[in-house]
$ cat entry-v9.txt   # compact mmCIF, C-alpha atoms and all ligand atoms
# COMPACT_ATOMS: atom_id res chain seq x y z
CA MET A 1266 100.71 257.59 128.74
CA THR A 1267 100.02 261.26 127.90
CA GLY A 1268 103.32 262.26 129.50
CA LEU A 1269 105.16 259.68 127.41
CA VAL A 1270 103.50 260.90 124.22
CA THR A 1271 104.48 264.48 125.04
CA ALA A 1272 108.05 263.43 125.82
CA ILE A 1273 108.45 261.40 122.64
CA ARG A 1274 107.02 264.21 120.51
CA GLN A 1275 109.74 266.48 121.82
CA TYR A 1276 112.36 264.36 120.07
CA ASP A 1277 114.48 266.84 118.08
CA GLY A 1278 117.26 264.59 116.76
CA PRO A 1279 117.76 263.44 113.15
CA PRO A 1280 115.14 261.15 111.53
CA VAL A 1281 115.32 257.60 112.92
CA ARG A 1282 113.90 254.22 111.97
CA PHE A 1283 113.19 251.77 114.75
CA MET A 1284 112.25 248.17 114.05
CA GLU A 1285 109.74 246.19 116.06
CA VAL A 1286 110.98 242.67 115.60
CA CYS A 1287 108.16 240.68 117.14
CA GLY A 1288 104.80 240.00 115.46
CA THR A 1289 102.95 240.49 118.74
CA HIS A 1290 104.46 243.98 118.95
CA THR A 1291 103.32 244.63 115.36
CA ALA A 1292 99.77 243.75 116.44
CA ALA A 1293 99.97 245.82 119.65
CA ILE A 1294 101.39 248.85 117.80
CA ALA A 1295 98.50 248.73 115.33
CA GLN A 1296 95.85 248.18 118.00
CA ASN A 1297 97.13 251.07 120.13
CA GLY A 1298 97.54 253.46 117.18
CA ILE A 1299 101.17 254.04 118.20
CA ARG A 1300 102.32 255.22 114.77
CA SER A 1301 99.84 258.10 114.81
CA LEU A 1302 101.32 259.30 118.13
CA LEU A 1303 104.88 259.59 116.87
CA PRO A 1304 106.51 262.67 115.33
CA GLU A 1305 107.40 262.43 111.63
CA THR A 1306 111.06 262.00 112.52
CA ILE A 1307 110.44 258.63 114.20
CA ARG A 1308 109.44 255.82 111.86
CA LEU A 1309 108.53 252.34 112.97
CA VAL A 1310 109.12 249.42 110.63
CA SER A 1311 108.11 245.81 111.12
CA GLY A 1312 110.76 243.11 111.23
CA PRO A 1313 110.98 239.38 110.63
CA GLY A 1314 109.52 238.26 113.97
CA CYS A 1315 106.17 236.82 112.88
CA PRO A 1316 106.93 233.08 112.74
CA VAL A 1317 104.25 232.25 110.20
CA CYS A 1318 105.27 235.15 107.94
CA VAL A 1319 108.87 233.94 107.62
CA THR A 1320 107.99 230.30 106.92
CA VAL A 1321 108.99 229.38 103.37
CA THR A 1322 106.52 228.08 100.80
CA ALA A 1323 108.44 224.80 100.44
CA TYR A 1324 107.61 224.05 104.09
CA LEU A 1325 103.89 224.56 103.47
CA ASP A 1326 104.05 222.44 100.31
CA ARG A 1327 105.64 219.63 102.31
CA LEU A 1328 102.95 219.88 105.02
CA ILE A 1329 100.20 219.68 102.41
CA ALA A 1330 101.86 216.62 100.83
CA LEU A 1331 102.13 214.96 104.26
CA SER A 1332 98.43 215.59 104.96
CA LYS A 1333 97.61 213.48 101.89
CA GLU A 1334 99.77 210.51 102.88
CA PRO A 1335 97.91 207.41 104.10
CA ASP A 1336 97.31 207.08 107.85
CA THR A 1337 98.76 210.54 108.48
CA VAL A 1338 97.23 213.62 110.09
CA VAL A 1339 98.89 217.05 110.03
CA VAL A 1340 98.34 218.96 113.26
CA SER A 1341 98.78 222.72 113.37
CA PHE A 1342 97.94 225.98 115.07
CA GLY A 1343 95.16 227.84 113.26
CA ASP A 1344 97.33 230.69 112.01
CA LEU A 1345 99.22 228.44 109.61
CA LEU A 1346 96.17 227.00 107.85
CA ARG A 1347 95.61 229.82 105.35
CA VAL A 1348 99.23 230.74 104.64
CA PRO A 1349 99.81 230.30 100.90
CA GLY A 1350 102.30 227.69 99.73
CA SER A 1351 103.38 227.57 96.09
CA LYS A 1352 100.09 226.00 94.94
CA GLY A 1353 97.68 226.67 97.78
CA SER A 1354 97.34 226.56 101.55
CA LEU A 1355 96.93 223.81 104.10
CA SER A 1356 93.19 224.67 104.12
CA ASP A 1357 93.11 224.10 100.35
CA GLY A 1358 94.92 220.80 100.90
CA LYS A 1359 92.26 219.83 103.45
CA ALA A 1360 89.49 220.65 100.97
CA GLU A 1361 91.22 218.32 98.50
CA GLY A 1362 91.12 215.43 100.97
CA GLY A 1363 94.16 216.11 103.15
CA ARG A 1364 93.81 215.28 106.83
CA VAL A 1365 94.48 218.39 108.89
CA ARG A 1366 93.59 219.06 112.50
CA MET A 1367 93.85 222.35 114.36
CA VAL A 1368 94.94 222.41 118.00
CA TYR A 1369 95.64 225.09 120.60
CA SER A 1370 98.65 223.37 122.19
CA PRO A 1371 101.26 220.95 120.81
CA MET A 1372 100.72 218.83 123.94
CA GLU A 1373 97.30 217.79 122.58
CA VAL A 1374 99.19 215.60 120.12
CA LEU A 1375 100.28 213.27 122.92
CA ASP A 1376 96.67 212.39 123.66
CA LEU A 1377 95.74 212.05 119.97
CA ALA A 1378 98.74 209.83 119.24
CA GLY A 1379 98.18 207.69 122.33
CA LYS A 1380 94.55 207.01 121.37
CA ASN A 1381 95.26 206.39 117.66
CA PRO A 1382 98.41 204.25 117.49
CA ASP A 1383 97.95 203.37 113.78
CA THR A 1384 97.97 207.02 112.68
CA THR A 1385 101.06 209.20 112.40
CA PHE A 1386 100.52 212.73 113.71
CA VAL A 1387 102.77 215.35 112.15
CA PHE A 1388 102.94 218.59 114.11
CA ALA A 1389 103.75 221.77 112.20
CA ALA A 1390 106.48 222.98 114.56
CA VAL A 1391 106.89 226.63 113.56
CA GLY A 1392 108.20 229.31 115.89
CA PHE A 1393 111.08 230.99 117.69
CA GLU A 1394 112.85 230.61 121.03
CA THR A 1395 109.47 231.08 122.74
CA THR A 1396 107.81 227.94 121.37
CA ALA A 1397 110.85 225.69 120.93
CA PRO A 1398 110.76 224.67 124.66
CA VAL A 1399 107.17 223.41 124.23
CA TYR A 1400 108.21 221.20 121.31
CA ALA A 1401 111.13 219.94 123.40
CA LEU A 1402 108.75 219.06 126.21
CA LEU A 1403 106.43 217.26 123.76
CA LEU A 1404 109.30 215.14 122.43
CA LYS A 1405 110.66 214.32 125.88
CA GLN A 1406 107.22 213.19 127.04
CA ALA A 1407 106.62 211.17 123.85
CA LYS A 1408 109.95 209.44 124.43
CA GLU A 1409 109.22 208.78 128.11
CA GLN A 1410 105.75 207.42 127.36
CA GLY A 1411 106.96 205.28 124.43
CA ILE A 1412 104.70 207.07 121.94
CA GLU A 1413 106.33 206.59 118.54
CA ASN A 1414 103.63 207.88 116.12
CA ILE A 1415 104.43 211.58 116.54
CA ARG A 1416 106.56 213.53 114.07
CA LEU A 1417 107.57 217.17 113.88
CA LEU A 1418 108.00 219.08 110.65
CA THR A 1419 110.27 221.76 112.04
CA SER A 1420 110.67 225.34 110.93
CA LEU A 1421 112.13 226.66 114.16
CA LYS A 1422 114.22 229.79 114.11
CA THR A 1423 116.32 231.88 116.46
CA MET A 1424 116.34 235.65 116.67
CA PRO A 1425 119.94 236.88 117.01
CA PRO A 1426 121.13 235.73 113.54
CA VAL A 1427 118.24 237.41 111.70
CA ILE A 1428 118.56 240.60 113.78
CA GLU A 1429 122.26 240.64 112.88
CA TRP A 1430 121.25 240.26 109.22
CA VAL A 1431 119.08 243.39 109.61
CA CYS A 1432 121.89 245.23 111.45
CA ARG A 1433 124.28 244.55 108.56
CA LYS A 1434 121.85 246.26 106.14
CA GLY A 1435 122.41 249.45 108.16
CA GLN A 1436 118.90 250.84 107.72
CA VAL A 1437 117.66 250.64 111.32
CA ASP A 1438 118.64 252.88 114.26
CA GLY A 1439 117.39 250.67 117.09
CA PHE A 1440 115.21 247.71 117.97
CA LEU A 1441 112.10 247.16 119.98
CA ALA A 1442 113.31 243.76 121.15
CA PRO A 1443 110.88 240.85 121.35
CA GLY A 1444 109.37 240.51 124.84
CA HIS A 1445 108.28 236.86 124.68
CA VAL A 1446 111.57 235.63 123.20
CA SER A 1447 113.46 237.56 125.89
CA VAL A 1448 111.59 235.71 128.65
CA VAL A 1449 113.42 232.55 127.51
CA THR A 1450 116.71 233.96 126.23
CA GLY A 1451 117.15 236.80 128.72
CA SER A 1452 117.92 240.37 127.66
CA ARG A 1453 121.65 239.58 127.57
CA ILE A 1454 121.17 237.83 124.21
CA PHE A 1455 121.05 241.26 122.53
CA GLU A 1456 124.18 242.64 124.21
CA PRO A 1457 126.74 241.40 121.62
CA LEU A 1458 124.68 242.85 118.75
CA ALA A 1459 124.15 246.15 120.54
CA GLU A 1460 127.88 246.50 121.15
CA ARG A 1461 128.98 245.34 117.68
CA TYR A 1462 126.64 247.65 115.75
CA ARG A 1463 126.38 250.46 118.33
CA LEU A 1464 122.62 250.26 118.30
CA PRO A 1465 120.14 250.45 121.21
CA PHE A 1466 117.77 247.57 122.00
CA ALA A 1467 114.74 248.05 124.25
CA VAL A 1468 112.99 244.93 125.56
CA ALA A 1469 109.34 245.90 125.88
CA GLY A 1470 106.02 244.50 127.00
CA PHE A 1471 102.88 244.73 124.91
CA SER A 1472 100.83 247.56 126.39
CA GLY A 1473 100.77 250.90 124.58
CA GLU A 1474 102.56 252.48 127.52
CA SER A 1475 105.31 249.88 127.54
CA ILE A 1476 105.90 250.28 123.80
CA LEU A 1477 106.01 254.08 124.05
CA ALA A 1478 108.42 253.88 126.99
CA ALA A 1479 110.67 251.62 124.93
CA LEU A 1480 110.58 253.98 121.94
CA TYR A 1481 111.39 256.92 124.18
CA GLY A 1482 114.29 254.93 125.61
CA LEU A 1483 115.55 254.22 122.09
CA THR A 1484 115.56 257.90 121.18
CA LYS A 1485 117.54 258.67 124.35
CA CYS A 1486 120.10 255.94 123.59
CA ARG A 1487 120.44 256.64 119.85
CA GLY A 1488 123.90 255.72 118.59
CA ARG A 1489 124.79 253.78 121.73
CA GLY A 1490 125.21 250.03 122.05
CA THR A 1491 122.81 249.66 124.98
CA VAL A 1492 120.23 247.07 126.01
CA LEU A 1493 117.32 248.43 128.05
CA ASN A 1494 115.01 246.04 129.85
CA LEU A 1495 111.65 247.79 130.09
CA TYR A 1496 109.77 244.56 130.80
CA PRO A 1497 111.40 243.58 134.10
CA SER A 1498 108.23 241.99 135.51
CA VAL A 1499 108.83 238.93 133.30
CA VAL A 1500 112.22 239.39 131.59
CA THR A 1501 115.53 238.97 133.40
CA ARG A 1502 119.04 239.38 132.05
CA ASP A 1503 119.61 235.61 132.14
CA GLY A 1504 116.19 234.33 131.03
CA ASN A 1505 114.76 230.87 131.68
CA ARG A 1506 117.65 228.40 131.98
CA GLN A 1507 115.39 225.35 132.35
CA ALA A 1508 113.58 226.11 129.08
CA ARG A 1509 116.87 226.63 127.24
CA GLU A 1510 118.28 223.35 128.59
CA ALA A 1511 115.20 221.46 127.36
CA VAL A 1512 115.73 222.96 123.89
CA GLU A 1513 119.46 222.12 123.97
CA GLU A 1514 118.65 218.51 124.83
CA CYS A 1515 116.45 218.04 121.74
CA PHE A 1516 117.69 220.57 119.15
CA ALA A 1517 120.96 221.76 117.62
CA PRO A 1518 121.59 224.94 115.61
CA CYS A 1519 121.40 224.67 111.81
CA ASP A 1520 121.15 226.94 108.78
CA ALA A 1521 117.57 228.00 108.04
CA ALA A 1522 115.63 229.51 105.14
CA TRP A 1523 113.57 232.63 105.83
CA ARG A 1524 110.74 233.66 103.55
CA GLY A 1525 111.84 236.67 101.58
CA ILE A 1526 115.37 236.64 102.97
CA GLY A 1527 116.94 233.32 102.04
CA ILE A 1528 119.29 231.21 104.09
CA ILE A 1529 120.84 232.61 107.26
CA LYS A 1530 123.63 230.59 108.80
CA GLY A 1531 122.94 229.12 112.23
CA SER A 1532 119.48 230.70 112.47
CA GLY A 1533 117.46 227.49 112.79
CA LEU A 1534 117.02 224.51 115.08
CA ARG A 1535 117.09 220.87 113.92
CA LEU A 1536 116.44 217.72 115.89
CA LYS A 1537 119.48 216.11 117.50
CA ALA A 1538 120.40 212.52 116.58
CA GLU A 1539 118.68 211.14 119.67
CA TYR A 1540 115.36 212.61 118.50
CA GLU A 1541 115.79 212.30 114.73
CA ARG A 1542 113.25 209.48 114.49
CA PHE A 1543 110.58 212.11 115.30
CA ASP A 1544 111.48 214.17 112.21
CA ALA A 1545 108.95 214.34 109.35
CA GLY A 1546 111.51 215.36 106.71
CA SER A 1547 112.34 218.91 107.72
CA GLY A 1548 115.72 219.13 105.94
CA GLY A 1549 116.18 220.91 102.62
CA LEU A 1550 112.99 223.01 102.76
CA MET A 1551 114.53 226.06 101.16
CA GLU A 1552 113.07 229.28 99.80
CA ASP A 1553 111.22 228.96 96.52
CA ARG A 1554 111.93 232.29 94.92
CA GLU A 1555 109.57 231.56 92.04
CA ALA A 1556 106.53 231.29 94.33
CA ASN A 1557 104.13 234.26 94.00
CA ARG A 1558 106.68 236.72 92.65
CA SER A 1559 104.30 239.67 92.87
CA CYS A 1560 103.99 239.43 96.68
CA ARG A 1561 106.40 241.86 98.39
CA CYS A 1562 106.48 240.14 101.81
CA ALA A 1563 110.23 239.84 101.30
CA GLN A 1564 110.73 243.60 101.50
CA VAL A 1565 107.97 244.17 104.05
CA LEU A 1566 109.52 241.65 106.46
CA VAL A 1567 112.80 243.49 106.65
CA GLY A 1568 111.41 247.01 106.80
CA ARG A 1569 112.37 247.98 103.24
CA LEU A 1570 108.76 248.51 102.14
CA GLU A 1571 105.60 249.64 103.90
CA PRO A 1572 102.67 247.27 103.24
CA ALA A 1573 100.82 249.98 101.29
CA GLY A 1574 103.80 250.12 98.92
CA CYS A 1575 102.97 246.66 97.62
CA PRO A 1576 100.92 246.95 94.40
CA LEU A 1577 98.63 244.13 95.53
CA PHE A 1578 97.86 245.66 98.94
CA GLY A 1579 94.11 246.12 99.49
CA LYS A 1580 93.37 245.13 95.88
CA ALA A 1581 94.31 241.57 94.96
CA CYS A 1582 95.53 240.98 98.51
CA THR A 1583 93.19 241.35 101.50
CA PRO A 1584 92.66 239.30 104.69
CA ALA A 1585 89.76 237.57 102.90
CA MET A 1586 91.96 236.73 99.92
CA PRO A 1587 95.58 236.82 101.12
CA GLN A 1588 98.38 236.54 98.58
CA GLY A 1589 101.22 236.46 101.08
CA ALA A 1590 101.86 235.36 104.64
CA CYS A 1591 102.04 238.95 105.96
CA MET A 1592 98.34 239.34 105.14
CA VAL A 1593 97.28 235.99 106.59
CA SER A 1594 98.78 236.06 110.01
CA THR A 1595 97.17 238.11 112.76
CA GLU A 1596 100.78 239.09 113.58
CA GLY A 1597 101.48 240.13 109.99
CA SER A 1598 102.21 243.76 109.14
CA CYS A 1599 100.09 243.76 105.95
CA TYR A 1600 97.13 242.38 107.89
CA HIS A 1601 97.35 245.17 110.46
CA ALA A 1602 98.03 247.86 107.88
CA PHE A 1603 94.90 246.71 106.04
CA LEU A 1604 92.76 246.83 109.21
CA SER A 1605 94.12 250.30 110.05
CA ALA A 1606 93.41 251.55 106.52
CA GLU A 1607 89.86 250.19 106.82
CA GLY A 1608 89.46 251.94 110.16
CA GLY A 1609 89.42 248.61 112.02
FE1 LIG A 1701 102.38 240.15 100.16
FE2 LIG A 1701 99.84 240.94 100.28
FE3 LIG A 1701 101.62 242.10 101.82
FE4 LIG A 1701 101.66 242.53 99.19
S1 LIG A 1701 100.04 243.16 100.60
S2 LIG A 1701 103.41 242.10 100.52
S3 LIG A 1701 100.99 240.52 98.42
S4 LIG A 1701 101.01 239.96 101.90

$ encode --input "entry-v9.txt" --output "structure tokens" --more "lines below"
Ligand code: SF4
Amino acid sequence: MTGLVTAIRQYDGPPVRFMEVCGTHTAAIAQNGIRSLLPETIRLVSGPGCPVCVTVTAYLDRLIALSKEPDTVVVSFGDLLRVPGSKGSLSDGKAEGGRVRMVYSPMEVLDLAGKNPDTTFVFAAVGFETTAPVYALLLKQAKEQGIENIRLLTSLKTMPPVIEWVCRKGQVDGFLAPGHVSVVTGSRIFEPLAERYRLPFAVAGFSGESILAALYGLTKCRGRGTVLNLYPSVVTRDGNRQAREAVEECFAPCDAAWRGIGIIKGSGLRLKAEYERFDAGSGGLMEDREANRSCRCAQVLVGRLEPAGCPLFGKACTPAMPQGACMVSTEGSCYHAFLSAEGG
């Protein structure tokens, strides 16, 4: 690692901004103190790859409303519970009588639904290419087993359209490409973007060494439309075909709303007709631009603003009292910037 730090500090080109797209990279960069190892000419900005952070408030409002419907239980991963909607979070909804249950795997819903046939279980299906195959598997098994009391409220998104949206803004010189997403999609998914915008992409793992190697690779390939795979132990060029086929069986591309960005064409996944009966009303959940106007997640998520540049950062907005999704999620950039500032 020392050799990599020395090599990267010898970078003598013009100032560059590299974006880490994935929330897990954001967390790993903070935990390994990577920013403090870089020369001033290399800036790292966080992108829109934390699934909870980019989920619009209208989605959370709908989940809260569903949790208060009779004979209905909303099932979710823990990281979504405290994300603010327009009038409160899912946790607030639970305190007001909503029925909310936290699980560690979507597959737990099969068991819950099988044992409680008179209750409808609505899973908060949030995520990217990495988690979409698990939701596909859940639906296929529910269908096979004849379990009809499962619904998904989907907010599933795909990476290439939002990365292209960032590319078009022209403020980033290269991407630390998401490692987990690449396991499913393969590194080839970034090749068209790299060529079109003449930008380097480096697929990286999550150790400090892997991230530094990827950043070094990006400096070496600056200005070139190249895709480097620096995570070859788990990422191939072609990815996991079986997982992609499962997703294609259940989901079709659709337009999707991103918190702080708005609608990006073809960046979401909706249930196909054959599985539509499992939908909990996911259509039309668009960005509510009036919700918490003072939160700057919108700019933070696309690398236009550092978390500390938000006037609420560390004052009205802390992990104990989050005002925006970037402070709630353990993959959020505000959350990690706060911990770093506190010496955590
Ligand atoms: Fe939003 Fe809080 Fe981050 Fe400001 S510090 S952008 S209010 S999450």

$ closest_residue --input "entry-v9.txt" --among "A:Pro1349, A:Ala1360, A:Gln1410, A:Glu1285" --to "ligand LIG 1701 (chain A)" --atoms "only C-alpha atoms and all ligand atoms"
A:Pro1349

$ atom_distance --input "entry-v9.txt" --atom1 "CA of Lys1537 in chain A" --atom2 "CA of Glu1334 in chain A"
25.2 Å

$ closest_residue --input "entry-v9.txt" --among "A:Gly1548, A:Gly1488, A:Pro1426, A:Gly1525" --to "ligand LIG 1701 (chain A)" --atoms "only C-alpha atoms and all ligand atoms"
A:Gly1525

$ atom_distance --input "entry-v9.txt" --atom1 "CA of Tyr1400 in chain A" --atom2 "CA of Leu1441 in chain A"
26.3 Å

$ closest_residue --input "entry-v9.txt" --among "A:Leu1483, A:Ala1573, A:Ala1390, A:Val1437" --to "Leu1536 in chain A" --atoms "all atoms listed in the file"
A:Ala1390

$ residues_near_ligand --input "entry-v9.txt" --ligand "ligand LIG 1701 (chain A)" --cutoff "8 Å" --atoms "only C-alpha atoms and all ligand atoms" --output "count of residues only"
28

$ atom_distance --input "entry-v9.txt" --atom1 "CA of Pro1584 in chain A" --atom2 "CA of Ser1370 in chain A"
24.4 Å

$ residues_around --input "entry-v9.txt" --residues "Arg1509 in chain A" --least-positions-apart "3" --cutoff "9 Å" --atoms "only C-alpha atoms" --output "mmCIF file with C-alpha atoms, in the coordinates of the input"
data_model
loop_
_atom_site.group_PDB
_atom_site.id
_atom_site.type_symbol
_atom_site.label_atom_id
_atom_site.label_comp_id
_atom_site.auth_asym_id
_atom_site.auth_seq_id
_atom_site.Cartn_x
_atom_site.Cartn_y
_atom_site.Cartn_z
ATOM 1 C CA GLU A 1394 112.850 230.610 121.030
ATOM 2 C CA ALA A 1397 110.850 225.690 120.930
ATOM 3 C CA PRO A 1398 110.760 224.670 124.660
ATOM 4 C CA VAL A 1449 113.420 232.550 127.510
ATOM 5 C CA THR A 1450 116.710 233.960 126.230
ATOM 6 C CA GLY A 1504 116.190 234.330 131.030
ATOM 7 C CA ASN A 1505 114.760 230.870 131.680
ATOM 8 C CA ARG A 1506 117.650 228.400 131.980
ATOM 9 C CA VAL A 1512 115.730 222.960 123.890
ATOM 10 C CA GLU A 1513 119.460 222.120 123.970
ATOM 11 C CA GLU A 1514 118.650 218.510 124.830
#

$ closest_residue --input "entry-v9.txt" --among "A:Lys1359, A:His1601, A:Lys1434, A:Arg1524" --to "Met1551 in chain A" --atoms "all atoms listed in the file"
A:Arg1524

$ closest_atom_pairs --input "entry-v9.txt" --of "range 1418-1440 of chain A" --to "range 1322-1329 of chain A" --cutoff "12 Å" --atoms "only C-alpha atoms" --output "tab-separated table"
residue	atom	partner	partner_atom	distance
A:Leu1418	CA	A:Leu1328	CA	7.6
A:Thr1419	CA	A:Tyr1324	CA	8.7
A:Ser1420	CA	A:Tyr1324	CA	7.6
A:Leu1421	CA	A:Tyr1324	CA	11.3

$ closest_atom_pairs --input "entry-v9.txt" --of "range 1496-1581 of chain A" --to "range 1302-1317 of chain A" --cutoff "9 Å" --atoms "all atoms listed in the file" --output "JSON lines"
{"residue": "A:Trp1523", "atom": "CA", "partner": "A:Pro1313", "partner_atom": "CA", "distance": 8.7}
{"residue": "A:Val1565", "atom": "CA", "partner": "A:Ser1311", "partner_atom": "CA", "distance": 7.3}
{"residue": "A:Leu1566", "atom": "CA", "partner": "A:Pro1313", "partner_atom": "CA", "distance": 5.0}
{"residue": "A:Val1567", "atom": "CA", "partner": "A:Gly1312", "partner_atom": "CA", "distance": 5.0}
{"residue": "A:Gly1568", "atom": "CA", "partner": "A:Val1310", "partner_atom": "CA", "distance": 5.1}
{"residue": "A:Arg1569", "atom": "CA", "partner": "A:Val1310", "partner_atom": "CA", "distance": 8.2}
{"residue": "A:Leu1570", "atom": "CA", "partner": "A:Val1310", "partner_atom": "CA", "distance": 8.5}
{"residue": "A:Glu1571", "atom": "CA", "partner": "A:Val1310", "partner_atom": "CA", "distance": 7.6}

$ residues_around --input "entry-v9.txt" --residues "His1290 in chain A" --least-positions-apart "4" --cutoff "8 Å" --atoms "all atoms listed in the file" --output "PyMOL selection string"
chain A and resi 1285-1286+1294+1443+1471

$ residues_around --input "entry-v9.txt" --residues "Arg1535 in chain A" --least-positions-apart "3" --cutoff "10 Å" --atoms "only C-alpha atoms" --output "VMD selection string"
chain A and resid 1418 to 1422 1515 to 1521 1538 1540 to 1541 1544 1547 to 1548

$ closest_residue --input "entry-v9.txt" --among "A:Pro1425, A:Gly1531, A:Gly1350, A:Gly1473" --to "Ala1293 in chain A" --atoms "all atoms listed in the file"
A:Gly1473

$ residues_around --input "entry-v9.txt" --residues "Val1339 in chain A" --least-positions-apart "2" --cutoff "7 Å" --atoms "all atoms listed in the file" --output "list in words"
Leu1331, Ser1332, Thr1337, Ser1341, Arg1364, Val1365, Arg1366, Phe1386, Val1387 and Phe1388 of chain A

$ residues_around --input "entry-v9.txt" --residues "Leu1493 in chain A" --least-positions-apart "4" --cutoff "7 Å" --atoms "all atoms listed in the file" --output "ChimeraX atom specification"
/A:1466-1468

$ closest_residue --input "entry-v9.txt" --among "A:Gly1549, A:Pro1371, A:His1445, A:Val1319" --to "Ile1526 in chain A" --atoms "all atoms listed in the file"
A:Val1319

$ closest_atom_pairs --input "entry-v9.txt" --of "range 1327-1389 of chain A" --to "range 1405-1409 of chain A" --cutoff "10 Å" --atoms "all atoms listed in the file" --output "Markdown table"
| residue | atom | partner | partner_atom | distance |
| --- | --- | --- | --- | --- |
| A:Met1372 | CA | A:Gln1406 | CA | 9.1 |
| A:Val1374 | CA | A:Ala1407 | CA | 9.4 |
| A:Leu1375 | CA | A:Ala1407 | CA | 6.7 |
| A:Ala1378 | CA | A:Ala1407 | CA | 9.2 |
| A:Gly1379 | CA | A:Ala1407 | CA | 9.3 |

$ write_last_selection --input "entry-v9.txt" --atoms "C-alpha atoms" --output "compact mmCIF listing (two decimals), in the coordinates of the input"
# COMPACT_ATOMS: atom_id res chain seq x y z
CA MET A 1372 100.72 218.83 123.94
CA VAL A 1374 99.19 215.60 120.12
CA LEU A 1375 100.28 213.27 122.92
CA ALA A 1378 98.74 209.83 119.24
CA GLY A 1379 98.18 207.69 122.33
